[in-house]
Amino acid sequence: MDRTKILVTGGAGYIGSHAVVELYNAGYQPIIVDNFSNSQESALVGIEQILGVKVPAHRIDCNDAEALRAVFAEEGKLRGVIHFAAYKAVGESMGKPLEYYQNNVGSLLTLLQVMREFGVEALVFSSSCTVYGVPDALPVTELTPTKKANSPYGATKQMCEDILRDVAAAPEASLRTILLRYFNPIGAHESALIGELPLGVPQNLIPYVTQTAAGIREQLTIHGDTYDTPDGTNIRDYVHVVDLAKAHVVAVERLLDAKGEKVDTFNVGTGRGNSVLEVVQAFERATGEKLNYKIGPPRPGDVPAIYADVTKSVQELGFSTSTSLEDSLASAWKWQQALMS
Ligand code: NAD
Ligand code: WQD
C-alpha cells in the first residue's frame with residue numbers, strides 16, 4: 001500500500017530529522033525540503049542508515065514559491081506538511097531581525113499560499129515556549145497569556161501563530177493546523193546517527209555541557225545562581241528530541257482524522273522543571289563524566305523559570321513523553337562522542 005505523503009520542511013535539521021524517522025516508522029512517507037542553511041547532507045545519510053531506505057529530499061528554499069510548487073507537483077498528492085524550516089537563534093536574531101522576519105514569517109506565507117493552490121489542508125507548525133515570555137504563574141498552560149517577545153526570533157513565532165489562526169479562521173479556509181509549542185528539546189536518536197549540529201560556540205546548555213565534558217570547551221558557565229528558584233539557577237522543561245518528534249506523528253494523525261479544532265495549540269514538554277544545576281548533576285550521574293563548571297552572571301533576557309503543563313497534550317492529543325532527563329542527557333553524550341569519532 002502507498003504510504004501517506006507528508007512534506008517536512010527543515011527535515012534535515014535537528015528536530016526535523018528525528019521527525020522524519022518517526023514519521024517513516026509510523027508508516028508515513030516523509031518528503032524532505034531543506035535549503036541546508038543550518039544543516040548538512042550528512043543528516044540525510046544518518047536518516048538512511050537508521051531507516052534502511054532513502055527518504056526523498058529537495059534542496060530548496062521555502063521562500064521560493066516556484067521551487068515549492070515544483071516539489072508539490074513532482075511529489076503528487078501530499079496530505080500534510082510539518083513546517084520546521086526557520087532560523088532559531090535568539091541572540092543572532094537581535095543582530096539580523098530582517099533576515100529572521102523574512103525567513104521565518106516569509107517562508108510560512110509562501111508555504112501557505114502553495115498549500116492552498118495544491119489543496120493541501122493539514123499543517124503542523126513549530127512554535128516555541130518563547131511565546132510565553134516570563135510567565136506570571138507556573139506551569140504554563142496553552143491558555144497562559146503570551147507576552148511581548150523579547151527577541152525578533154520570539155516575535156516571528158508569535159506572528160506565525162497569529163497568521164495561522166487568521167488564515168484558518170477565514171470562512172472559505174480549508175486549512176487545519178496544530179501549533180506545537182516546544183519547550184527545550186535535547187538529546188539525540190539512540191543510534192547516534194542523527195543529532196544536533198551546533199555551529200561555533202554553542203549558546204544552548206546541553207551542547208555546551210557535552211562539549212565541555214569532551215574537552216572542546218574548558219568550562220561551562222552557569223548563567224546566574226541568584227534567581228528566585230530553589231537552588232538559584234534557571235528552571236526549564238527539557239524534552240527528549242525523539243519524544244518531541246513523536247508528538248508530530250500524533251499531531252499529523254489528528255489532523256488527517258479531522259479531529260479537534262481547525263486551529264489547536266499544544267505544549268510539548270515533560271511537565272517537569274529542572275534547574276541548570278540539576279541538569280549538571282544528572283549529566284554527571286548519567287555519563288560518569290565530571291563537569292568543570294563555574295557560576296557566572298545572569299544572561300540578559302533569560303526567563304527565570306518555565307515548564308509546561310501537559311494536561312491538554314495528554315488528554316486531547318494523547319501524547320506524553322517517556323524519556324528521563326538522565327537518558328536524554330546520556331543520548332546527547334553518545335551523540336557528542338559520535339561527532340568526534
Ligand atoms: P535547525 O536549524 O536544526 O533546523 C531547521 C532546518 O530548516 C535546517 O535544516 C535549515 O537548514 C532549514 N531551513 C531554514 N530556513 C529554511 C528555508 N527558508 N528553506 C528551507 N529550509 C530552511 O532547527 P531545529 O532545532 O530543528 O528547529 C526546528 C524548528 O523548531 C524551528 O522552527 C525552530 O524555531 C523551532 N523550535 C526549536 C527549538 C529548539 O530549541 N531547537 C525550540 C522551539 C522551537
Ligand atoms: C537553558 C538554560 C541558560 C548555556 C532557548 C530559546 C527558546 C527555545 C529553546 C527556540 C538557561 C542556561 C545555557 C550556558 C547556562 N528555542 N545556560 N550556560 O534559553 O531556555 O531557550 O532554546 O524556540 O526560545 O530562548 O535555552 O539552552 O540557551 O538555556 O547556564 O552556557 O541553561 O541560562 O537557564 P533557553 P538554553
# chains A, B, ... in the order shown; residues from 1 in each chain; ligands from 1
>>> residues_around(residues="A:Thr156", least_positions_apart="3", cutoff="9 Å", atoms="only C-alpha atoms", output="list in words")
Tyr100, Tyr101, Asn104, Val105, Ala149, Ser151, Pro152, Tyr153, Met159, Cys160 and Glu161 of chain A
>>> residues_around(residues="A:Ile186", least_positions_apart="5", cutoff="9 Å", atoms="only C-alpha atoms", output="PDB file with C-alpha atoms, in the first residue's frame")
ATOM      1  CA  GLU A 196      22.090  18.489  16.806  1.00  0.00           C
ATOM      2  CA  ILE A 206      23.252  20.826  26.524  1.00  0.00           C
ATOM      3  CA  PRO A 207      25.704  21.171  23.608  1.00  0.00           C
ATOM      4  CA  TYR A 238      13.965  19.575  28.859  1.00  0.00           C
ATOM      5  CA  VAL A 239      12.196  17.275  26.396  1.00  0.00           C
ATOM      6  CA  HIS A 240      13.934  14.450  24.542  1.00  0.00           C
ATOM      7  CA  VAL A 241      14.016  15.110  20.804  1.00  0.00           C
ATOM      8  CA  VAL A 242      12.657  11.663  19.913  1.00  0.00           C
ATOM      9  CA  SER A 328      18.117  12.254  27.393  1.00  0.00           C
ATOM     10  CA  LEU A 329      21.496  13.519  28.594  1.00  0.00           C
ATOM     11  CA  SER A 331      21.889  10.248  24.393  1.00  0.00           C
ATOM     12  CA  ALA A 332      23.316  13.763  23.982  1.00  0.00           C
TER      13      ALA A 332
END
>>> closest_residue(among="A:Ser174, A:Gln158, A:Asn234, A:Asn204", to="ligand 1", atoms="only C-alpha atoms and all ligand atoms")
A:Asn204
>>> select_by_dssp(residues="stretch 59-308 of chain A", states="strand (DSSP E)", output="VMD selection string")
chain A and resid 59 80 to 83 122 to 128 176 to 182 184 to 186 220 to 223 235 to 236 238 to 240 263 to 268 274 to 275 293 to 296
>>> residues_around(residues="A:Tyr227", least_positions_apart="2", cutoff="12 Å", atoms="only C-alpha atoms", output="ChimeraX atom specification")
/A:222-225,229-235,275-276,297-299,302-305
>>> atom_distance(atom1="atom CA of A:Ser126", atom2="atom 35 (C, counted along the ligand's line) of ligand 1")
4.9 Å
>>> closest_residue(among="A:Pro97, A:Gly52, A:Gly195, A:Pro139", to="ligand 1", atoms="only C-alpha atoms and all ligand atoms")
A:Gly195
>>> closest_atom_pairs(of="stretch 105-176 of chain A", to="stretch 61-65 of chain A", cutoff="7 Å", atoms="only C-alpha atoms", output="tab-separated table")
residue	atom	partner	partner_atom	distance
A:Gly106	CA	A:Asn63	CA	6.2
A:Ser107	CA	A:Asn63	CA	4.6
A:Thr110	CA	A:Asn63	CA	5.9
A:Leu111	CA	A:Cys62	CA	6.7
A:Val114	CA	A:Ala65	CA	6.9
>>> residues_around(residues="A:Val310", least_positions_apart="4", cutoff="9 Å", atoms="only C-alpha atoms", output="MDAnalysis selection string")
chainID A and resid 139:142 266:271 314:315 319:320
>>> closest_residue(among="A:Lys148, A:Arg165, A:Lys290, A:Arg3", to="A:Thr210", atoms="only C-alpha atoms")
A:Lys290
>>> closest_residue(among="A:Ala170, A:Ile194, A:Leu143, A:Leu51", to="ligand 1", atoms="only C-alpha atoms and all ligand atoms")
A:Ile194
>>> residues_around(residues="A:Glu75", least_positions_apart="6", cutoff="12 Å", atoms="only C-alpha atoms", output="PyMOL selection string")
chain A and resi 4-7+29-33+56-58+68-69+118
>>> write_last_selection(atoms="N, CA and C atoms", output="compact mmCIF listing (two decimals), in the first residue's frame")
# COMPACT_ATOMS: atom_id res chain seq x y z
N THR A 4 1.14 7.42 3.05
CA THR A 4 0.62 8.79 3.02
C THR A 4 1.80 9.77 3.05
N LYS A 5 1.83 10.69 2.07
CA LYS A 5 2.99 11.58 1.95
C LYS A 5 2.85 12.84 2.81
N ILE A 6 3.88 13.09 3.58
CA ILE A 6 3.92 14.29 4.43
C ILE A 6 5.18 15.08 4.09
N LEU A 7 5.01 16.33 3.71
CA LEU A 7 6.17 17.19 3.42
C LEU A 7 6.75 17.68 4.74
N GLN A 29 5.15 8.45 4.50
CA GLN A 29 6.27 8.71 3.59
C GLN A 29 6.68 10.18 3.73
N PRO A 30 7.69 10.45 4.54
CA PRO A 30 8.13 11.84 4.65
C PRO A 30 8.87 12.28 3.37
N ILE A 31 8.66 13.53 2.99
CA ILE A 31 9.38 14.13 1.86
C ILE A 31 10.09 15.36 2.44
N ILE A 32 11.41 15.38 2.35
CA ILE A 32 12.17 16.46 2.98
C ILE A 32 12.36 17.64 2.02
N VAL A 33 12.18 18.84 2.57
CA VAL A 33 12.56 20.06 1.88
C VAL A 33 13.51 20.81 2.81
N PRO A 56 13.10 10.82 0.14
CA PRO A 56 13.25 11.86 -0.90
C PRO A 56 13.54 13.22 -0.25
N ALA A 57 14.51 13.94 -0.83
CA ALA A 57 14.88 15.24 -0.26
C ALA A 57 15.09 16.24 -1.39
N HIS A 58 14.58 17.44 -1.20
CA HIS A 58 14.71 18.51 -2.19
C HIS A 58 15.46 19.68 -1.57
N LEU A 68 8.93 25.56 -4.56
CA LEU A 68 8.00 24.81 -3.71
C LEU A 68 6.88 24.19 -4.56
N ARG A 69 6.36 25.00 -5.50
CA ARG A 69 5.30 24.47 -6.40
C ARG A 69 5.82 23.25 -7.16
N PHE A 118 -2.48 23.83 -3.99
CA PHE A 118 -2.48 22.38 -4.25
C PHE A 118 -3.51 21.64 -3.39
>>> residues_near_ligand(ligand="ligand 1", cutoff="7 Å", atoms="only C-alpha atoms and all ligand atoms", output="compact mmCIF listing (two decimals) with all heavy atoms, in the first residue's frame")
# COMPACT_ATOMS: atom_id res chain seq x y z
N THR A 9 9.35 20.38 5.96
CA THR A 9 10.31 21.46 5.67
C THR A 9 11.29 21.52 6.83
O THR A 9 10.92 21.32 7.99
CB THR A 9 9.62 22.83 5.51
OG1 THR A 9 9.27 23.33 6.82
CG2 THR A 9 8.39 22.76 4.61
N GLY A 10 12.56 21.77 6.53
CA GLY A 10 13.57 21.74 7.59
C GLY A 10 13.83 20.32 8.06
O GLY A 10 14.30 20.10 9.17
N GLY A 11 13.55 19.36 7.18
CA GLY A 11 13.65 17.94 7.55
C GLY A 11 15.07 17.43 7.72
O GLY A 11 15.26 16.31 8.22
N ALA A 12 16.07 18.24 7.33
CA ALA A 12 17.46 17.83 7.57
C ALA A 12 17.98 18.40 8.88
O ALA A 12 19.11 18.11 9.28
CB ALA A 12 18.35 18.27 6.40
N GLY A 13 17.17 19.24 9.53
CA GLY A 13 17.62 19.90 10.76
C GLY A 13 17.51 18.99 11.98
O GLY A 13 17.18 17.80 11.87
N TYR A 14 17.79 19.57 13.12
CA TYR A 14 17.86 18.80 14.38
C TYR A 14 16.52 18.09 14.67
O TYR A 14 16.46 16.86 14.72
CB TYR A 14 18.25 19.76 15.51
CG TYR A 14 18.20 19.18 16.89
CD1 TYR A 14 18.67 17.90 17.17
CD2 TYR A 14 17.70 19.95 17.96
CE1 TYR A 14 18.64 17.39 18.47
CE2 TYR A 14 17.67 19.45 19.25
CZ TYR A 14 18.14 18.17 19.50
OH TYR A 14 18.09 17.68 20.77
N ILE A 15 15.46 18.84 14.85
CA ILE A 15 14.19 18.20 15.21
C ILE A 15 13.56 17.53 13.99
O ILE A 15 13.02 16.42 14.06
CB ILE A 15 13.21 19.23 15.83
CG1 ILE A 15 13.88 19.97 17.00
CG2 ILE A 15 11.93 18.54 16.31
CD1 ILE A 15 13.13 21.20 17.49
N GLY A 16 13.67 18.19 12.83
CA GLY A 16 13.08 17.67 11.60
C GLY A 16 13.61 16.28 11.24
O GLY A 16 12.83 15.40 10.85
N VAL A 33 12.18 18.84 2.57
CA VAL A 33 12.56 20.06 1.88
C VAL A 33 13.51 20.81 2.81
O VAL A 33 13.17 21.01 3.98
CB VAL A 33 11.30 20.91 1.58
CG1 VAL A 33 11.67 22.36 1.40
CG2 VAL A 33 10.59 20.40 0.34
N ASP A 34 14.67 21.19 2.33
CA ASP A 34 15.61 21.93 3.19
C ASP A 34 16.57 22.70 2.29
O ASP A 34 16.92 22.22 1.21
CB ASP A 34 16.39 20.94 4.09
CG ASP A 34 16.88 21.59 5.37
OD1 ASP A 34 17.69 22.54 5.27
OD2 ASP A 34 16.46 21.17 6.45
N ASN A 35 16.97 23.89 2.75
CA ASN A 35 17.99 24.61 1.96
C ASN A 35 19.38 24.45 2.59
O ASN A 35 20.33 25.05 2.13
CB ASN A 35 17.63 26.09 1.82
CG ASN A 35 17.65 26.84 3.13
OD1 ASN A 35 17.88 26.24 4.18
ND2 ASN A 35 17.40 28.14 3.10
N PHE A 36 19.48 23.65 3.63
CA PHE A 36 20.74 23.34 4.31
C PHE A 36 21.46 24.59 4.83
O PHE A 36 22.67 24.63 4.93
CB PHE A 36 21.66 22.47 3.42
CG PHE A 36 21.04 21.14 3.10
CD1 PHE A 36 20.28 20.96 1.94
CD2 PHE A 36 21.13 20.08 3.99
CE1 PHE A 36 19.66 19.75 1.66
CE2 PHE A 36 20.51 18.86 3.72
CZ PHE A 36 19.79 18.69 2.56
N SER A 37 20.67 25.61 5.15
CA SER A 37 21.29 26.83 5.70
C SER A 37 21.79 26.57 7.12
O SER A 37 22.69 27.26 7.59
CB SER A 37 20.29 27.99 5.69
OG SER A 37 19.11 27.64 6.41
N ASN A 38 21.19 25.59 7.82
CA ASN A 38 21.67 25.27 9.16
C ASN A 38 21.73 23.76 9.38
O ASN A 38 21.46 23.26 10.46
CB ASN A 38 20.76 25.92 10.22
CG ASN A 38 21.42 25.93 11.58
OD1 ASN A 38 22.63 26.16 11.70
ND2 ASN A 38 20.64 25.68 12.63
N SER A 39 22.07 23.05 8.31
CA SER A 39 22.17 21.58 8.44
C SER A 39 23.10 21.07 7.35
O SER A 39 23.53 21.84 6.48
CB SER A 39 20.79 20.93 8.30
OG SER A 39 20.15 21.39 7.15
N ILE A 60 15.76 23.07 -1.53
CA ILE A 60 15.14 24.32 -1.97
C ILE A 60 14.88 25.22 -0.77
O ILE A 60 14.87 24.77 0.37
CB ILE A 60 13.81 24.11 -2.73
CG1 ILE A 60 12.74 23.52 -1.81
CG2 ILE A 60 13.97 23.29 -3.98
CD1 ILE A 60 11.34 23.85 -2.26
N ASP A 61 14.66 26.49 -1.07
CA ASP A 61 14.34 27.48 -0.04
C ASP A 61 12.83 27.62 0.03
O ASP A 61 12.17 27.80 -1.02
CB ASP A 61 15.00 28.81 -0.43
CG ASP A 61 14.93 29.82 0.71
OD1 ASP A 61 13.88 29.92 1.36
OD2 ASP A 61 15.95 30.51 0.91
N CYS A 62 12.26 27.57 1.22
CA CYS A 62 10.80 27.66 1.35
C CYS A 62 10.27 29.05 1.01
O CYS A 62 9.06 29.24 0.92
CB CYS A 62 10.37 27.30 2.77
SG CYS A 62 10.64 25.58 3.15
N ASN A 63 11.16 30.01 0.84
CA ASN A 63 10.71 31.33 0.38
C ASN A 63 10.53 31.36 -1.13
O ASN A 63 10.03 32.35 -1.67
CB ASN A 63 11.72 32.41 0.77
CG ASN A 63 11.72 32.67 2.26
OD1 ASN A 63 10.80 33.29 2.77
ND2 ASN A 63 12.73 32.16 2.95
N PHE A 84 9.10 22.91 9.88
CA PHE A 84 10.18 23.17 10.83
C PHE A 84 11.09 24.30 10.34
O PHE A 84 11.77 24.93 11.14
CB PHE A 84 11.09 21.93 10.96
CG PHE A 84 10.47 20.76 11.65
CD1 PHE A 84 10.05 19.65 10.93
CD2 PHE A 84 10.34 20.72 13.03
CE1 PHE A 84 9.50 18.54 11.56
CE2 PHE A 84 9.80 19.62 13.68
CZ PHE A 84 9.38 18.52 12.94
N ALA A 85 11.15 24.51 9.02
CA ALA A 85 12.17 25.40 8.45
C ALA A 85 12.06 26.81 9.04
O ALA A 85 11.01 27.45 8.92
CB ALA A 85 12.04 25.45 6.93
N ALA A 86 13.13 27.26 9.65
CA ALA A 86 13.17 28.60 10.24
C ALA A 86 14.59 28.83 10.75
O ALA A 86 15.35 27.87 10.91
CB ALA A 86 12.19 28.73 11.40
N TYR A 87 14.93 30.10 11.00
CA TYR A 87 16.14 30.38 11.78
C TYR A 87 15.72 30.38 13.24
O TYR A 87 14.62 30.81 13.58
CB TYR A 87 16.70 31.76 11.41
CG TYR A 87 17.22 31.90 10.00
CD1 TYR A 87 17.22 33.16 9.38
CD2 TYR A 87 17.75 30.82 9.31
CE1 TYR A 87 17.71 33.32 8.09
CE2 TYR A 87 18.24 30.98 8.02
CZ TYR A 87 18.22 32.23 7.42
OH TYR A 87 18.70 32.39 6.16
N LYS A 88 16.65 29.93 14.13
CA LYS A 88 16.20 29.67 15.51
C LYS A 88 17.07 30.27 16.61
O LYS A 88 16.83 29.99 17.79
CB LYS A 88 16.10 28.17 15.72
CG LYS A 88 17.43 27.46 15.65
CD LYS A 88 17.38 26.08 16.26
CE LYS A 88 18.70 25.36 16.09
NZ LYS A 88 18.74 24.05 16.70
N ASN A 103 12.83 35.12 6.75
CA ASN A 103 12.90 33.66 6.64
C ASN A 103 11.77 32.96 7.39
O ASN A 103 11.16 32.02 6.87
CB ASN A 103 14.26 33.15 7.16
CG ASN A 103 14.55 31.74 6.67
OD1 ASN A 103 14.38 31.43 5.50
ND2 ASN A 103 14.95 30.87 7.57
N SER A 107 8.65 32.51 4.87
CA SER A 107 8.56 31.12 4.40
C SER A 107 7.19 30.54 4.74
O SER A 107 6.63 29.76 3.96
CB SER A 107 9.67 30.25 5.00
OG SER A 107 9.49 30.06 6.38
N SER A 126 5.96 24.48 13.99
CA SER A 126 6.91 24.51 15.11
C SER A 126 6.85 25.83 15.82
O SER A 126 7.44 26.82 15.36
CB SER A 126 8.35 24.38 14.58
OG SER A 126 8.56 23.19 13.89
N SER A 127 6.14 25.85 16.94
CA SER A 127 6.19 27.06 17.75
C SER A 127 7.07 26.78 18.97
O SER A 127 7.77 25.76 19.01
CB SER A 127 4.78 27.51 18.13
OG SER A 127 4.85 28.79 18.73
N SER A 128 7.03 27.69 19.92
CA SER A 128 8.03 27.62 20.99
C SER A 128 7.46 28.17 22.28
O SER A 128 6.62 29.09 22.27
CB SER A 128 9.24 28.46 20.56
OG SER A 128 10.09 28.70 21.65
N CYS A 129 7.98 27.67 23.40
CA CYS A 129 7.58 28.21 24.71
C CYS A 129 8.03 29.66 24.86
O CYS A 129 7.61 30.34 25.78
CB CYS A 129 8.15 27.36 25.84
SG CYS A 129 9.93 27.43 25.95
N ARG A 181 3.98 23.96 20.72
CA ARG A 181 4.90 24.86 21.44
C ARG A 181 5.93 24.00 22.18
O ARG A 181 5.64 23.44 23.24
CB ARG A 181 4.12 25.73 22.42
CG ARG A 181 3.25 26.76 21.70
CD ARG A 181 2.43 27.56 22.69
NE ARG A 181 1.70 28.63 22.02
CZ ARG A 181 0.67 29.26 22.55
NH1 ARG A 181 0.25 28.96 23.77
NH2 ARG A 181 0.07 30.23 21.88
N TYR A 182 7.13 23.91 21.58
CA TYR A 182 8.16 23.07 22.17
C TYR A 182 8.78 23.79 23.36
O TYR A 182 9.04 24.98 23.31
CB TYR A 182 9.32 22.80 21.20
CG TYR A 182 8.98 22.42 19.79
CD1 TYR A 182 9.91 22.68 18.78
CD2 TYR A 182 7.79 21.79 19.44
CE1 TYR A 182 9.65 22.33 17.47
CE2 TYR A 182 7.53 21.44 18.13
CZ TYR A 182 8.46 21.72 17.14
OH TYR A 182 8.22 21.39 15.83
N PHE A 183 9.12 23.01 24.38
CA PHE A 183 9.93 23.55 25.46
C PHE A 183 11.40 23.35 25.06
O PHE A 183 11.73 23.70 23.95
CB PHE A 183 9.45 22.98 26.81
CG PHE A 183 8.18 23.72 27.21
CD1 PHE A 183 6.99 23.56 26.49
CD2 PHE A 183 8.19 24.65 28.23
CE1 PHE A 183 5.84 24.30 26.78
CE2 PHE A 183 7.06 25.40 28.54
CZ PHE A 183 5.89 25.23 27.82
N ASN A 184 12.27 22.82 25.88
CA ASN A 184 13.70 22.77 25.47
C ASN A 184 14.07 21.38 24.94
O ASN A 184 14.29 20.46 25.75
CB ASN A 184 14.59 23.15 26.66
CG ASN A 184 14.50 24.62 27.00
OD1 ASN A 184 13.42 25.17 27.16
ND2 ASN A 184 15.63 25.28 27.07
N PRO A 185 14.16 21.22 23.62
CA PRO A 185 14.49 19.91 23.06
C PRO A 185 15.97 19.58 23.30
O PRO A 185 16.84 20.44 23.11
CB PRO A 185 14.26 20.08 21.55
CG PRO A 185 13.66 21.43 21.36
CD PRO A 185 13.97 22.24 22.57
N GLU A 196 21.97 17.05 17.01
CA GLU A 196 22.09 18.49 16.81
C GLU A 196 23.50 18.83 16.33
O GLU A 196 24.47 18.30 16.83
CB GLU A 196 21.82 19.19 18.15
CG GLU A 196 21.68 20.68 18.02
CD GLU A 196 21.19 21.31 19.33
OE1 GLU A 196 21.17 20.62 20.37
OE2 GLU A 196 20.82 22.50 19.29
>>> closest_residue(among="A:Leu180, A:Ala192, A:Met340, A:Ala169", to="ligand 2", atoms="only C-alpha atoms and all ligand atoms")
A:Leu180
>>> closest_residue(among="A:Pro171, A:Gly133, A:Pro300, A:Gly154", to="A:Ala89", atoms="only C-alpha atoms")
A:Gly154
>>> select_by_dssp(residues="stretch 163-226 of chain A", states="alpha helix (DSSP H)", output="list in words")
Ile163, Leu164, Arg165, Asp166, Val167, Ala168, Ala169, Leu205, Ile206, Pro207, Tyr208, Val209, Thr210, Gln211, Thr212 and Ala213 of chain A
>>> write_last_selection(atoms="N, CA and C atoms", output="mmCIF file, in the first residue's frame")
data_model
loop_
_atom_site.group_PDB
_atom_site.id
_atom_site.type_symbol
_atom_site.label_atom_id
_atom_site.label_comp_id
_atom_site.auth_asym_id
_atom_site.auth_seq_id
_atom_site.Cartn_x
_atom_site.Cartn_y
_atom_site.Cartn_z
ATOM 1 N N ILE A 163 -0.791 34.466 12.240
ATOM 2 C CA ILE A 163 -1.111 34.274 10.820
ATOM 3 C C ILE A 163 -1.922 32.990 10.642
ATOM 4 N N LEU A 164 -1.476 31.934 11.285
ATOM 5 C CA LEU A 164 -2.168 30.642 11.130
ATOM 6 C C LEU A 164 -3.578 30.706 11.692
ATOM 7 N N ARG A 165 -3.744 31.378 12.825
ATOM 8 C CA ARG A 165 -5.102 31.499 13.392
ATOM 9 C C ARG A 165 -6.002 32.274 12.422
ATOM 10 N N ASP A 166 -5.482 33.377 11.846
ATOM 11 C CA ASP A 166 -6.292 34.179 10.921
ATOM 12 C C ASP A 166 -6.618 33.409 9.642
ATOM 13 N N VAL A 167 -5.615 32.747 9.095
ATOM 14 C CA VAL A 167 -5.833 32.044 7.818
ATOM 15 C C VAL A 167 -6.854 30.916 8.010
ATOM 16 N N ALA A 168 -6.722 30.184 9.111
ATOM 17 C CA ALA A 168 -7.647 29.058 9.333
ATOM 18 C C ALA A 168 -9.056 29.542 9.654
ATOM 19 N N ALA A 169 -9.165 30.767 10.187
ATOM 20 C CA ALA A 169 -10.486 31.268 10.596
ATOM 21 C C ALA A 169 -11.286 31.840 9.423
ATOM 22 N N LEU A 205 22.373 25.123 26.429
ATOM 23 C CA LEU A 205 23.021 24.466 27.569
ATOM 24 C C LEU A 205 23.615 23.096 27.226
ATOM 25 N N ILE A 206 22.801 22.227 26.624
ATOM 26 C CA ILE A 206 23.252 20.826 26.524
ATOM 27 C C ILE A 206 24.470 20.666 25.601
ATOM 28 N N PRO A 207 24.476 21.293 24.397
ATOM 29 C CA PRO A 207 25.704 21.171 23.608
ATOM 30 C C PRO A 207 26.922 21.771 24.315
ATOM 31 N N TYR A 208 26.693 22.804 25.123
ATOM 32 C CA TYR A 208 27.829 23.373 25.861
ATOM 33 C C TYR A 208 28.323 22.368 26.907
ATOM 34 N N VAL A 209 27.383 21.704 27.565
ATOM 35 C CA VAL A 209 27.734 20.694 28.573
ATOM 36 C C VAL A 209 28.526 19.560 27.915
ATOM 37 N N THR A 210 28.005 19.031 26.793
ATOM 38 C CA THR A 210 28.679 17.862 26.199
ATOM 39 C C THR A 210 30.047 18.261 25.626
ATOM 40 N N GLN A 211 30.139 19.475 25.059
ATOM 41 C CA GLN A 211 31.441 19.909 24.526
ATOM 42 C C GLN A 211 32.450 20.148 25.659
ATOM 43 N N THR A 212 31.957 20.569 26.808
ATOM 44 C CA THR A 212 32.866 20.760 27.950
ATOM 45 C C THR A 212 33.357 19.400 28.439
ATOM 46 N N ALA A 213 32.425 18.472 28.583
ATOM 47 C CA ALA A 213 32.815 17.127 29.033
ATOM 48 C C ALA A 213 33.792 16.490 28.042
#
>>> residues_around(residues="A:Ala330", least_positions_apart="6", cutoff="9 Å", atoms="only C-alpha atoms", output="PDB file with N, CA, C and O atoms, in the first residue's frame")
ATOM      1  N   GLY A 187      19.095  16.081  23.425  1.00  0.00           N
ATOM      2  CA  GLY A 187      19.418  14.688  23.158  1.00  0.00           C
ATOM      3  C   GLY A 187      19.409  14.359  21.680  1.00  0.00           C
ATOM      4  O   GLY A 187      19.307  15.241  20.814  1.00  0.00           O
ATOM      5  N   PHE A 283      23.657  14.977  34.372  1.00  0.00           N
ATOM      6  CA  PHE A 283      24.629  14.617  33.326  1.00  0.00           C
ATOM      7  C   PHE A 283      25.775  13.802  33.941  1.00  0.00           C
ATOM      8  O   PHE A 283      26.184  12.774  33.385  1.00  0.00           O
ATOM      9  N   ALA A 286      24.488  10.364  34.726  1.00  0.00           N
ATOM     10  CA  ALA A 286      24.142   9.552  33.550  1.00  0.00           C
ATOM     11  C   ALA A 286      25.378   9.093  32.785  1.00  0.00           C
ATOM     12  O   ALA A 286      25.344   8.050  32.132  1.00  0.00           O
ATOM     13  N   THR A 287      26.448   9.881  32.843  1.00  0.00           N
ATOM     14  CA  THR A 287      27.600   9.589  31.989  1.00  0.00           C
ATOM     15  C   THR A 287      28.854   9.183  32.770  1.00  0.00           C
ATOM     16  O   THR A 287      29.804   8.677  32.173  1.00  0.00           O
TER      17      THR A 287
END
>>> atom_distance(atom1="atom CA of A:Gly95", atom2="atom 25 (O, counted along the ligand's line) of ligand 2")
15.1 Å
